[in-house]
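Q: Handing over protein-v5.cif, mmCIF, C-alpha atoms.
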```
data_start
#
loop_
_atom_site.label_atom_id
_atom_site.label_comp_id
_atom_site.auth_asym_id
_atom_site.auth_seq_id
_atom_site.Cartn_x
_atom_site.Cartn_y
_atom_site.Cartn_z
CA MET A 380 -9.22 -53.28 -3.01
CA PRO A 381 -8.43 -49.63 -2.19
CA ARG A 382 -10.01 -47.02 -4.45
CA ASN A 383 -8.65 -43.53 -5.19
CA LEU A 384 -10.52 -40.27 -5.16
CA ASP A 385 -10.39 -38.32 -8.40
CA MET A 386 -8.61 -35.07 -7.49
CA THR A 387 -10.19 -33.15 -10.39
CA THR A 388 -13.74 -34.01 -9.35
CA LEU A 389 -12.89 -33.36 -5.70
CA ARG A 390 -11.52 -29.90 -6.57
CA SER A 391 -14.71 -29.08 -8.46
CA PHE A 392 -16.84 -30.21 -5.52
CA VAL A 393 -14.90 -28.03 -3.05
CA ALA A 394 -15.06 -25.06 -5.44
CA VAL A 395 -18.86 -25.40 -5.78
CA ALA A 396 -19.29 -25.70 -2.01
CA GLU A 397 -17.14 -22.63 -1.32
CA ALA A 398 -18.54 -20.51 -4.15
CA GLY A 399 -22.15 -21.40 -3.38
CA GLY A 400 -23.01 -22.54 -6.87
CA VAL A 401 -21.85 -24.13 -10.12
CA THR A 402 -21.71 -20.88 -12.09
CA ARG A 403 -19.21 -19.13 -9.82
CA ALA A 404 -17.18 -22.30 -9.36
CA ALA A 405 -16.93 -22.76 -13.12
CA GLY A 406 -15.46 -19.27 -13.41
CA PHE A 407 -12.85 -19.97 -10.72
CA LEU A 408 -11.91 -23.29 -12.34
CA ASN A 409 -11.91 -21.95 -15.92
CA LEU A 410 -14.37 -24.68 -16.92
CA THR A 411 -17.85 -24.69 -18.40
CA GLN A 412 -20.84 -25.16 -16.11
CA SER A 413 -21.67 -28.44 -17.83
CA ALA A 414 -18.14 -29.75 -17.24
CA VAL A 415 -18.34 -28.92 -13.53
CA SER A 416 -21.79 -30.54 -13.27
CA MET A 417 -20.48 -33.70 -14.94
CA GLN A 418 -17.55 -33.87 -12.52
CA LEU A 419 -19.90 -33.52 -9.54
CA LYS A 420 -22.09 -36.32 -10.90
CA ARG A 421 -19.02 -38.54 -11.42
CA LEU A 422 -17.84 -37.93 -7.85
CA GLU A 423 -21.26 -38.75 -6.41
CA GLU A 424 -21.43 -41.93 -8.48
CA SER A 425 -17.94 -43.04 -7.43
CA LEU A 426 -18.80 -42.59 -3.75
CA GLY A 427 -22.36 -43.83 -4.02
CA GLN A 428 -23.53 -40.76 -2.09
CA THR A 429 -25.62 -37.67 -2.81
CA LEU A 430 -23.34 -34.76 -1.92
CA LEU A 431 -25.41 -31.77 -3.03
CA ASP A 432 -28.96 -30.81 -2.10
CA ARG A 433 -30.43 -29.52 -5.35
CA SER A 434 -34.00 -29.13 -4.10
CA ALA A 435 -33.65 -25.42 -3.24
CA ARG A 436 -32.85 -22.47 -5.51
CA GLN A 437 -29.33 -22.30 -4.08
CA ILE A 438 -27.27 -25.47 -3.98
CA GLY A 439 -26.59 -26.76 -0.47
CA LEU A 440 -24.65 -29.66 0.97
CA THR A 441 -26.10 -32.88 2.26
CA ALA A 442 -24.75 -34.34 5.50
CA GLN A 443 -22.39 -36.52 3.44
CA GLY A 444 -21.35 -33.46 1.43
CA GLU A 445 -20.51 -31.50 4.57
CA GLN A 446 -18.33 -34.37 5.77
CA LEU A 447 -16.54 -34.65 2.44
CA LEU A 448 -15.92 -30.89 2.30
CA GLY A 449 -13.74 -31.02 5.40
CA TYR A 450 -11.75 -33.95 4.06
CA GLY A 451 -11.59 -32.45 0.59
CA ARG A 452 -10.05 -29.18 1.72
CA ARG A 453 -7.34 -31.03 3.63
CA ILE A 454 -6.63 -33.43 0.78
CA LEU A 455 -6.37 -30.67 -1.82
CA ALA A 456 -4.20 -28.48 0.42
CA LEU A 457 -1.78 -31.37 0.97
CA ASN A 458 -1.84 -32.27 -2.73
CA ASP A 459 -1.04 -28.69 -3.72
CA GLU A 460 1.71 -28.39 -1.12
CA VAL A 461 3.41 -31.60 -2.27
CA TYR A 462 3.15 -30.66 -5.94
CA THR A 463 4.54 -27.18 -5.37
CA ARG A 464 7.46 -28.28 -3.24
CA LEU A 465 8.53 -31.17 -5.46
CA THR A 466 8.35 -29.56 -8.89
CA ASP A 467 10.98 -27.41 -10.52
CA GLN A 468 8.46 -24.73 -11.38
CA SER A 469 8.36 -23.03 -7.99
CA PHE A 470 8.44 -19.26 -8.25
CA GLU A 471 10.61 -16.98 -6.20
CA GLY A 472 10.07 -13.29 -5.59
CA GLU A 473 8.33 -10.73 -3.43
CA LEU A 474 4.98 -8.98 -3.58
CA THR A 475 3.69 -6.11 -1.46
CA LEU A 476 0.01 -6.10 -0.55
CA GLY A 477 -1.55 -3.06 1.11
CA VAL A 478 -4.81 -3.42 3.03
CA PRO A 479 -6.64 -0.94 5.28
CA SER A 480 -6.35 -2.11 8.87
CA ASP A 481 -10.13 -2.28 9.33
CA ILE A 482 -10.63 -4.89 6.58
CA VAL A 483 -7.62 -7.13 7.17
CA TYR A 484 -10.09 -9.48 8.82
CA PRO A 485 -11.83 -11.70 7.98
CA HIS A 486 -10.43 -12.48 4.52
CA ILE A 487 -6.75 -11.52 4.25
CA PRO A 488 -5.21 -14.14 6.59
CA ASP A 489 -6.84 -16.94 4.59
CA VAL A 490 -5.73 -15.37 1.30
CA LEU A 491 -2.12 -15.20 2.51
CA LYS A 492 -2.27 -18.78 3.79
CA ARG A 493 -3.58 -20.12 0.49
CA PHE A 494 -1.04 -18.15 -1.52
CA ALA A 495 1.84 -19.32 0.66
CA ALA A 496 0.77 -22.96 0.27
CA LYS A 497 0.85 -22.60 -3.50
CA TYR A 498 3.97 -20.41 -3.74
CA PRO A 499 6.08 -21.09 -0.64
CA ARG A 500 9.14 -19.33 -2.08
CA VAL A 501 7.34 -16.05 -2.69
CA LYS A 502 7.43 -13.50 0.11
CA VAL A 503 4.27 -11.43 0.51
CA GLN A 504 4.79 -8.27 2.55
CA LEU A 505 1.53 -7.07 4.08
CA ILE A 506 1.18 -3.35 4.76
CA SER A 507 -1.74 -2.37 6.96
CA SER A 508 -2.54 1.33 6.88
CA TYR A 509 -5.16 3.91 5.91
CA THR A 510 -6.67 4.07 2.43
CA ASN A 511 -5.24 7.52 1.68
CA ARG A 512 -1.74 6.46 2.72
CA LEU A 513 -1.98 3.21 0.78
CA LYS A 514 -3.02 5.08 -2.36
CA ARG A 515 -0.01 7.40 -2.01
CA GLN A 516 2.31 4.40 -1.61
CA PHE A 517 0.66 2.74 -4.59
CA ALA A 518 1.18 5.87 -6.71
CA ARG A 519 4.87 5.84 -5.77
CA GLY A 520 5.19 2.21 -6.88
CA GLU A 521 5.72 0.88 -3.37
CA CYS A 522 2.82 -1.60 -3.50
CA ASP A 523 1.98 -4.20 -6.12
CA LEU A 524 -1.61 -4.60 -5.04
CA ILE A 525 -3.80 -2.63 -2.65
CA LEU A 526 -7.32 -2.79 -1.30
CA THR A 527 -9.10 0.42 -0.37
CA THR A 528 -12.27 1.46 1.42
CA GLU A 529 -13.82 4.35 -0.51
CA THR A 530 -17.21 5.92 -1.14
CA GLY A 531 -16.52 5.66 -4.88
CA ALA A 532 -14.09 3.95 -7.21
CA GLY A 533 -10.97 5.51 -8.66
CA GLU A 534 -9.56 5.01 -12.13
CA SER A 535 -8.50 1.37 -12.73
CA ALA A 536 -10.27 0.22 -9.56
CA GLU A 537 -12.05 -3.12 -9.40
CA THR A 538 -14.88 -3.03 -6.88
CA LEU A 539 -14.97 -6.31 -4.96
CA ALA A 540 -17.86 -5.49 -2.63
CA THR A 541 -20.15 -2.64 -1.59
CA LEU A 542 -20.98 -2.78 2.09
CA PRO A 543 -22.64 -0.39 4.54
CA LEU A 544 -20.86 1.34 7.37
CA VAL A 545 -22.41 0.32 10.68
CA TRP A 546 -22.30 1.80 14.16
CA VAL A 547 -20.28 -0.30 16.63
CA GLY A 548 -19.94 -0.15 20.39
CA SER A 549 -19.28 -2.16 23.50
CA GLN A 550 -21.26 -5.30 24.23
CA ASN A 551 -24.19 -4.25 26.44
CA GLY A 552 -22.87 -0.71 26.20
CA SER A 553 -24.81 2.53 26.49
CA ALA A 554 -22.37 5.08 25.03
CA TRP A 555 -24.51 5.28 21.88
CA LYS A 556 -27.34 6.77 23.94
CA SER A 557 -25.29 9.70 25.24
CA ARG A 558 -25.75 13.23 23.89
CA PRO A 559 -23.58 14.66 22.68
CA LEU A 560 -22.64 11.36 21.09
CA ARG A 561 -19.07 10.46 21.98
CA LEU A 562 -17.03 9.36 18.95
CA ALA A 563 -13.72 7.49 18.70
CA PHE A 564 -11.75 7.67 15.44
CA GLU A 565 -8.20 7.67 14.15
CA TYR A 566 -7.03 11.04 12.87
CA ALA A 567 -6.68 9.81 9.28
CA CYS A 568 -9.79 7.61 9.15
CA LEU A 569 -11.62 8.12 5.87
CA PHE A 570 -15.02 7.50 7.50
CA ARG A 571 -14.68 10.18 10.16
CA THR A 572 -15.97 13.22 8.28
CA GLY A 573 -18.84 11.28 6.70
CA VAL A 574 -20.01 10.04 10.09
CA GLN A 575 -19.87 13.55 11.50
CA ALA A 576 -21.83 14.90 8.52
CA ALA A 577 -24.51 12.21 8.95
CA LEU A 578 -24.91 13.17 12.60
CA ASP A 579 -25.11 16.87 11.72
CA GLU A 580 -27.79 16.16 9.12
CA ALA A 581 -29.76 14.13 11.68
CA GLY A 582 -29.48 16.95 14.24
CA ILE A 583 -27.53 14.82 16.72
CA ALA A 584 -24.88 16.61 18.74
CA TRP A 585 -21.49 14.87 18.88
CA GLU A 586 -17.99 15.29 20.25
CA MET A 587 -14.66 13.66 19.54
CA ALA A 588 -14.00 11.75 22.75
CA VAL A 589 -11.06 9.69 21.46
CA GLU A 590 -8.63 10.69 18.72
CA SER A 591 -5.51 8.66 18.02
CA ASP A 592 -3.08 7.40 15.41
CA SER A 593 -3.56 3.93 16.86
CA THR A 594 -6.35 1.60 15.77
CA ARG A 595 -5.83 -0.35 19.01
CA THR A 596 -6.49 2.75 21.08
CA VAL A 597 -9.79 3.34 19.32
CA GLU A 598 -10.79 -0.33 19.69
CA ALA A 599 -9.94 -0.35 23.40
CA SER A 600 -11.92 2.84 24.01
CA VAL A 601 -14.99 1.50 22.22
CA THR A 602 -14.71 -1.85 24.03
CA ALA A 603 -14.64 0.07 27.33
CA ASP A 604 -17.89 1.84 26.34
CA LEU A 605 -16.21 5.25 26.32
CA ALA A 606 -17.37 6.06 22.80
CA VAL A 607 -18.79 4.62 19.57
CA HIS A 608 -17.16 4.01 16.22
CA ALA A 609 -18.15 3.04 12.65
CA CYS A 610 -16.86 0.01 10.73
CA VAL A 611 -17.49 -1.71 7.43
CA SER A 612 -20.16 -4.35 7.94
CA GLY A 613 -18.62 -7.79 8.35
CA SER A 614 -15.23 -6.46 9.47
CA LEU A 615 -15.90 -5.68 13.12
CA PRO A 616 -12.97 -5.92 15.55
CA ASN A 617 -13.09 -8.40 18.40
CA HIS A 618 -14.98 -7.41 21.58
CA VAL A 619 -17.31 -4.90 19.87
CA ILE A 620 -20.74 -5.40 18.33
CA GLU A 621 -22.95 -3.69 15.81
CA ILE A 622 -25.24 -1.35 17.73
CA ASP A 623 -28.94 -2.15 17.57
CA HIS A 624 -29.98 1.49 17.89
CA GLY A 625 -33.52 1.12 16.53
CA GLY A 626 -33.22 4.19 14.31
CA HIS A 627 -31.86 6.50 17.01
CA LEU A 628 -28.64 6.90 15.01
CA PRO A 629 -28.53 7.79 11.31
CA ASP A 630 -27.80 5.31 8.55
CA LEU A 631 -24.25 5.64 7.24
CA ALA A 632 -22.73 5.56 3.76
CA LYS A 633 -22.08 2.47 1.70
CA ILE A 634 -18.41 1.74 1.21
CA HIS A 635 -16.73 0.28 -1.86
CA ILE A 636 -13.96 -2.21 -1.21
CA ASN A 637 -11.78 -1.64 -4.26
CA MET A 638 -8.73 -3.46 -5.56
CA TYR A 639 -5.92 -1.80 -7.51
CA LEU A 640 -3.20 -3.74 -9.33
CA ALA A 641 -0.09 -1.77 -10.32
CA ASP A 642 0.99 -1.79 -13.98
CA HIS A 643 4.48 -2.89 -13.00
CA ALA A 644 2.99 -5.81 -11.05
CA LYS A 645 0.87 -7.37 -13.79
CA THR A 646 2.70 -10.66 -13.55
CA PRO A 647 1.32 -14.21 -13.15
CA LEU A 648 2.17 -14.12 -9.43
CA ALA A 649 0.44 -10.80 -8.79
CA ALA A 650 -2.52 -11.93 -10.86
CA GLU A 651 -2.76 -15.10 -8.76
CA LEU A 652 -2.74 -13.11 -5.53
CA ALA A 653 -5.40 -10.78 -6.93
CA GLU A 654 -7.54 -13.76 -7.93
CA LEU A 655 -7.37 -15.22 -4.42
CA VAL A 656 -8.50 -11.88 -2.99
CA ARG A 657 -11.30 -11.75 -5.55
CA GLN A 658 -12.46 -15.27 -4.68
CA ALA A 659 -12.45 -14.44 -0.95
CA TYR A 660 -14.94 -11.62 -1.50
CA CYS A 661 -17.03 -13.65 -3.95
CA ARG A 662 -17.46 -16.36 -1.31
CA ASN A 663 -18.57 -13.84 1.30
#
```
Render the structure in this file as structure tokens.

A:
Amino acid sequence: MPRNLDMTTLRSFVAVAEAGGVTRAAGFLNLTQSAVSMQLKRLEESLGQTLLDRSARQIGLTAQGEQLLGYGRRILALNDEVYTRLTDQSFEGELTLGVPSDIVYPHIPDVLKRFAAKYPRVKVQLISSYTNRLKRQFARGECDLILTTETGAGESAETLATLPLVWVGSQNGSAWKSRPLRLAFEYACLFRTGVQAALDEAGIAWEMAVESDSTRTVEASVTADLAVHACVSGSLPNHVIEIDHGGHLPDLAKIHINMYLADHAKTPLAAELAELVRQAYCRN
């Protein structure tokens, strides 16, 4: 006789696996830790399998748990898609999300995909620009939600992560060894002056080898080993790597990834989009 998976327990299991623990998952699910733990136990009992490795300080997945996670994500995504499309409670509307171009990856595509699956009738317009420009657009009411990369946090900001800037260059490149150090930055890049100041303080001569309004131009120049650049750790473009300079280049500032939600956009839809962004950085 066929048996059915309990969608509630499956959702709790996937949330725990993605969040890395029961405490975070309980917050995402708006449940108590004990309720989530009971659901995990019920799922394990129904399948007759141990899904979580509880022997270490941080919960991990067993081999059976890893297999179920793949299935679970697909089952829940299909469940949510069917429910959204066949109910009369589908929302319509438009939201504008602004994100600095250097942190669009790795999280934003997945956030947009998950939001679209849940609210297929809502259009999300993504604006990719510089932090300073995004903050001006936000102040004019042109964006509902923005992320920024800043050395501090402005009024009403919610800091999602604090990450170091790292030196990046071409794979197997040697541009980082040159003196003066050849730099490649966009004209409006917020990190530019801080990087230059760090080099000045370290007594390392530098020159601006590549200046452009185009992020692609900077990426291509760094990939070609014509110059070096600085990026937020974990958000490196394709074809470049973090430079293992062994202390021959100075450490750079830590950057706050902040989220701002406009007063006019404090709606359930905007709050849902903000929560998906928040979860993406919590899982990182």

Q: Nearest to Tyr566 in chain A: which of A:Arg595, A:Pro629, A:Glu590, A:Lys502 is it, counting only C-alpha atoms?

A: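 Using only C-alpha atoms, Tyr566 in chain A sits closest to A:Glu590.
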
Q: I'd like to see the residues matched by the PyMOL selection byres ((chain A and resi 565) around 7) on this file, and ideally I'd get them as a PDB file with C-alpha atoms, in the coordinates of the input.

A:
```pdb
ATOM      1  CA  PHE A 564     -11.750   7.670  15.440  1.00  0.00           C
ATOM      2  CA  TYR A 566      -7.030  11.040  12.870  1.00  0.00           C
ATOM      3  CA  ALA A 567      -6.680   9.810   9.280  1.00  0.00           C
ATOM      4  CA  CYS A 568      -9.790   7.610   9.150  1.00  0.00           C
ATOM      5  CA  GLU A 590      -8.630  10.690  18.720  1.00  0.00           C
ATOM      6  CA  SER A 591      -5.510   8.660  18.020  1.00  0.00           C
ATOM      7  CA  ASP A 592      -3.080   7.400  15.410  1.00  0.00           C
ATOM      8  CA  SER A 593      -3.560   3.930  16.860  1.00  0.00           C
ATOM      9  CA  THR A 594      -6.350   1.600  15.770  1.00  0.00           C
ATOM     10  CA  VAL A 597      -9.790   3.340  19.320  1.00  0.00           C
TER      11      VAL A 597
END
```

Q: Using the chain letters and numbers from the file, give me the residues hit by the PyMOL selection byres ((chain A and resi 638-641) around 8), as a list in words.

A: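 With the PyMOL selection byres ((chain A and resi 638-641) around 8) on this model, the match is Phe517, Gly520, Cys522, Asp523, Leu524, Ile525, Leu526, Thr527, Ser535, Ala536, Glu537, Thr538, Leu539, Ile636, Asn637, Asp642, His643, Ala644, Lys645, Ala649 and Ala653 of chain A.
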
Q: Could you check how far CA of Thr530 in chain A sits from CA of Thr572 in chain A, in Å to one decimal?

A: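 So the two atoms, CA of Thr530 in chain A and CA of Thr572 in chain A, lie 12.0 Å apart.
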
Q: Report as a VMD selection string the residues that result from applying the PyMOL selection byres ((chain A and resi 528) around 10) to the structure here.

A: chain A and resid 478 to 479 481 to 482 509 to 511 526 to 527 529 to 532 538 540 to 542 569 to 570 611 633 to 638

Q: With distances taken over only C-alpha atoms, which of A:Arg493, A:Thr646, A:Thr602, A:His624 is nearest to Ala456 in chain A?

A: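 Residue with the minimum atom-to-atom distance to Ala456 in chain A: A:Arg493.
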
Q: Edge lengths and centre, in Å to one decimal, as lines of an AutoDock Vina configuration file: that's what I need for the box along x, y and z that holds all listed atoms of range 410-416 of chain A plus 6 Å on each side.

A:
```
center_x = -18.1
center_y = -27.6
center_z = -15.8
size_x = 19.4
size_y = 17.9
size_z = 17.1
```

Q: Identify which of the residues A:Met417, A:Leu440, A:Met386, A:Ala435 lies closest to Leu457 in chain A, counting all atoms listed in the file when measuring atom-to-atom distances.

A: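 For Leu457 in chain A, the nearest of the candidates is A:Met386.
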
Q: Measure the distance from CA of Pro616 in chain A to CA of Glu586 in chain A in Å and round it to one decimal.

A: 22.3 Å

Q: Just the residues within 12 Å of Ala581 in chain A, please, counting all atoms listed in the file, with nothing from its chain fewer than 6 positions along; format it as a ChimeraX atom specification.

A: /A:574-575,626-631

Q: Could you work out how far CA of Ala496 in chain A lies from CA of Tyr660 in chain A, giving the answer in Å with one decimal?

A: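 These atoms are spaced 19.5 Å apart.
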
Q: Between A:Glu460, A:Glu445, A:Asp489, A:Asp604, which one has atoms that come closest to Leu652 in chain A, using all atoms listed in the file?

A: A:Asp489

Q: Any chance you could model N, CA and C atoms for range 435-467 of chain A and send them as an mmCIF file, in the frame of the given file?

A:
```cif
data_model
loop_
_atom_site.group_PDB
_atom_site.id
_atom_site.type_symbol
_atom_site.label_atom_id
_atom_site.label_comp_id
_atom_site.auth_asym_id
_atom_site.auth_seq_id
_atom_site.Cartn_x
_atom_site.Cartn_y
_atom_site.Cartn_z
ATOM 1 N N ALA A 435 -33.397 -26.852 -3.435
ATOM 2 C CA ALA A 435 -33.650 -25.420 -3.240
ATOM 3 C C ALA A 435 -33.074 -24.619 -4.412
ATOM 4 N N ARG A 436 -33.356 -23.332 -4.425
ATOM 5 C CA ARG A 436 -32.850 -22.470 -5.510
ATOM 6 C C ARG A 436 -31.329 -22.387 -5.446
ATOM 7 N N GLN A 437 -30.779 -22.344 -4.239
ATOM 8 C CA GLN A 437 -29.330 -22.300 -4.080
ATOM 9 C C GLN A 437 -28.829 -23.657 -3.619
ATOM 10 N N ILE A 438 -27.797 -24.147 -4.293
ATOM 11 C CA ILE A 438 -27.270 -25.470 -3.980
ATOM 12 C C ILE A 438 -26.731 -25.495 -2.546
ATOM 13 N N GLY A 439 -27.107 -26.556 -1.822
ATOM 14 C CA GLY A 439 -26.590 -26.760 -0.470
ATOM 15 C C GLY A 439 -25.911 -28.116 -0.378
ATOM 16 N N LEU A 440 -25.329 -28.394 0.760
ATOM 17 C CA LEU A 440 -24.650 -29.660 0.970
ATOM 18 C C LEU A 440 -25.520 -30.605 1.790
ATOM 19 N N THR A 441 -25.486 -31.865 1.419
ATOM 20 C CA THR A 441 -26.100 -32.880 2.260
ATOM 21 C C THR A 441 -25.164 -33.144 3.443
ATOM 22 N N ALA A 442 -25.611 -33.995 4.372
ATOM 23 C CA ALA A 442 -24.750 -34.340 5.500
ATOM 24 C C ALA A 442 -23.462 -35.005 5.018
ATOM 25 N N GLN A 443 -23.582 -35.878 3.994
ATOM 26 C CA GLN A 443 -22.390 -36.520 3.440
ATOM 27 C C GLN A 443 -21.491 -35.492 2.748
ATOM 28 N N GLY A 444 -22.126 -34.506 2.091
ATOM 29 C CA GLY A 444 -21.350 -33.460 1.430
ATOM 30 C C GLY A 444 -20.573 -32.611 2.413
ATOM 31 N N GLU A 445 -21.201 -32.282 3.547
ATOM 32 C CA GLU A 445 -20.510 -31.500 4.570
ATOM 33 C C GLU A 445 -19.293 -32.254 5.099
ATOM 34 N N GLN A 446 -19.453 -33.567 5.270
ATOM 35 C CA GLN A 446 -18.330 -34.370 5.770
ATOM 36 C C GLN A 446 -17.207 -34.415 4.744
ATOM 37 N N LEU A 447 -17.572 -34.596 3.478
ATOM 38 C CA LEU A 447 -16.540 -34.650 2.440
ATOM 39 C C LEU A 447 -15.829 -33.324 2.273
ATOM 40 N N LEU A 448 -16.538 -32.206 2.480
ATOM 41 C CA LEU A 448 -15.920 -30.890 2.300
ATOM 42 C C LEU A 448 -14.728 -30.722 3.219
ATOM 43 N N GLY A 449 -14.867 -31.136 4.478
ATOM 44 C CA GLY A 449 -13.740 -31.020 5.400
ATOM 45 C C GLY A 449 -12.554 -31.845 4.951
ATOM 46 N N TYR A 450 -12.825 -33.103 4.561
ATOM 47 C CA TYR A 450 -11.750 -33.950 4.060
ATOM 48 C C TYR A 450 -11.156 -33.381 2.776
ATOM 49 N N GLY A 451 -12.041 -32.930 1.888
ATOM 50 C CA GLY A 451 -11.590 -32.450 0.590
ATOM 51 C C GLY A 451 -10.639 -31.281 0.690
ATOM 52 N N ARG A 452 -10.942 -30.330 1.558
ATOM 53 C CA ARG A 452 -10.050 -29.180 1.720
ATOM 54 C C ARG A 452 -8.667 -29.623 2.174
ATOM 55 N N ARG A 453 -8.628 -30.553 3.128
ATOM 56 C CA ARG A 453 -7.340 -31.030 3.630
ATOM 57 C C ARG A 453 -6.577 -31.804 2.572
ATOM 58 N N ILE A 454 -7.278 -32.641 1.816
ATOM 59 C CA ILE A 454 -6.630 -33.430 0.780
ATOM 60 C C ILE A 454 -6.053 -32.539 -0.309
ATOM 61 N N LEU A 455 -6.834 -31.562 -0.763
ATOM 62 C CA LEU A 455 -6.370 -30.670 -1.820
ATOM 63 C C LEU A 455 -5.218 -29.791 -1.349
ATOM 64 N N ALA A 456 -5.288 -29.308 -0.101
ATOM 65 C CA ALA A 456 -4.200 -28.480 0.420
ATOM 66 C C ALA A 456 -2.907 -29.280 0.469
ATOM 67 N N LEU A 457 -2.980 -30.537 0.910
ATOM 68 C CA LEU A 457 -1.780 -31.370 0.970
ATOM 69 C C LEU A 457 -1.290 -31.703 -0.429
ATOM 70 N N ASN A 458 -2.211 -32.002 -1.346
ATOM 71 C CA ASN A 458 -1.840 -32.270 -2.730
ATOM 72 C C ASN A 458 -1.094 -31.085 -3.340
ATOM 73 N N ASP A 459 -1.646 -29.883 -3.141
ATOM 74 C CA ASP A 459 -1.040 -28.690 -3.720
ATOM 75 C C ASP A 459 0.312 -28.389 -3.095
ATOM 76 N N GLU A 460 0.429 -28.625 -1.793
ATOM 77 C CA GLU A 460 1.710 -28.390 -1.120
ATOM 78 C C GLU A 460 2.780 -29.338 -1.648
ATOM 79 N N VAL A 461 2.441 -30.622 -1.770
ATOM 80 C CA VAL A 461 3.410 -31.600 -2.270
ATOM 81 C C VAL A 461 3.822 -31.258 -3.698
ATOM 82 N N TYR A 462 2.847 -30.955 -4.542
ATOM 83 C CA TYR A 462 3.150 -30.660 -5.940
ATOM 84 C C TYR A 462 4.055 -29.445 -6.071
ATOM 85 N N THR A 463 3.747 -28.408 -5.284
ATOM 86 C CA THR A 463 4.540 -27.180 -5.370
ATOM 87 C C THR A 463 5.971 -27.400 -4.909
ATOM 88 N N ARG A 464 6.123 -28.121 -3.812
ATOM 89 C CA ARG A 464 7.460 -28.280 -3.240
ATOM 90 C C ARG A 464 8.341 -29.238 -4.034
ATOM 91 N N LEU A 465 7.739 -30.168 -4.777
ATOM 92 C CA LEU A 465 8.530 -31.170 -5.460
ATOM 93 C C LEU A 465 8.710 -30.928 -6.953
ATOM 94 N N THR A 466 8.145 -29.871 -7.471
ATOM 95 C CA THR A 466 8.350 -29.560 -8.890
ATOM 96 C C THR A 466 9.431 -28.512 -9.030
ATOM 97 N N ASP A 467 9.924 -28.387 -10.230
ATOM 98 C CA ASP A 467 10.980 -27.410 -10.520
ATOM 99 C C ASP A 467 10.406 -26.088 -10.987
#
```
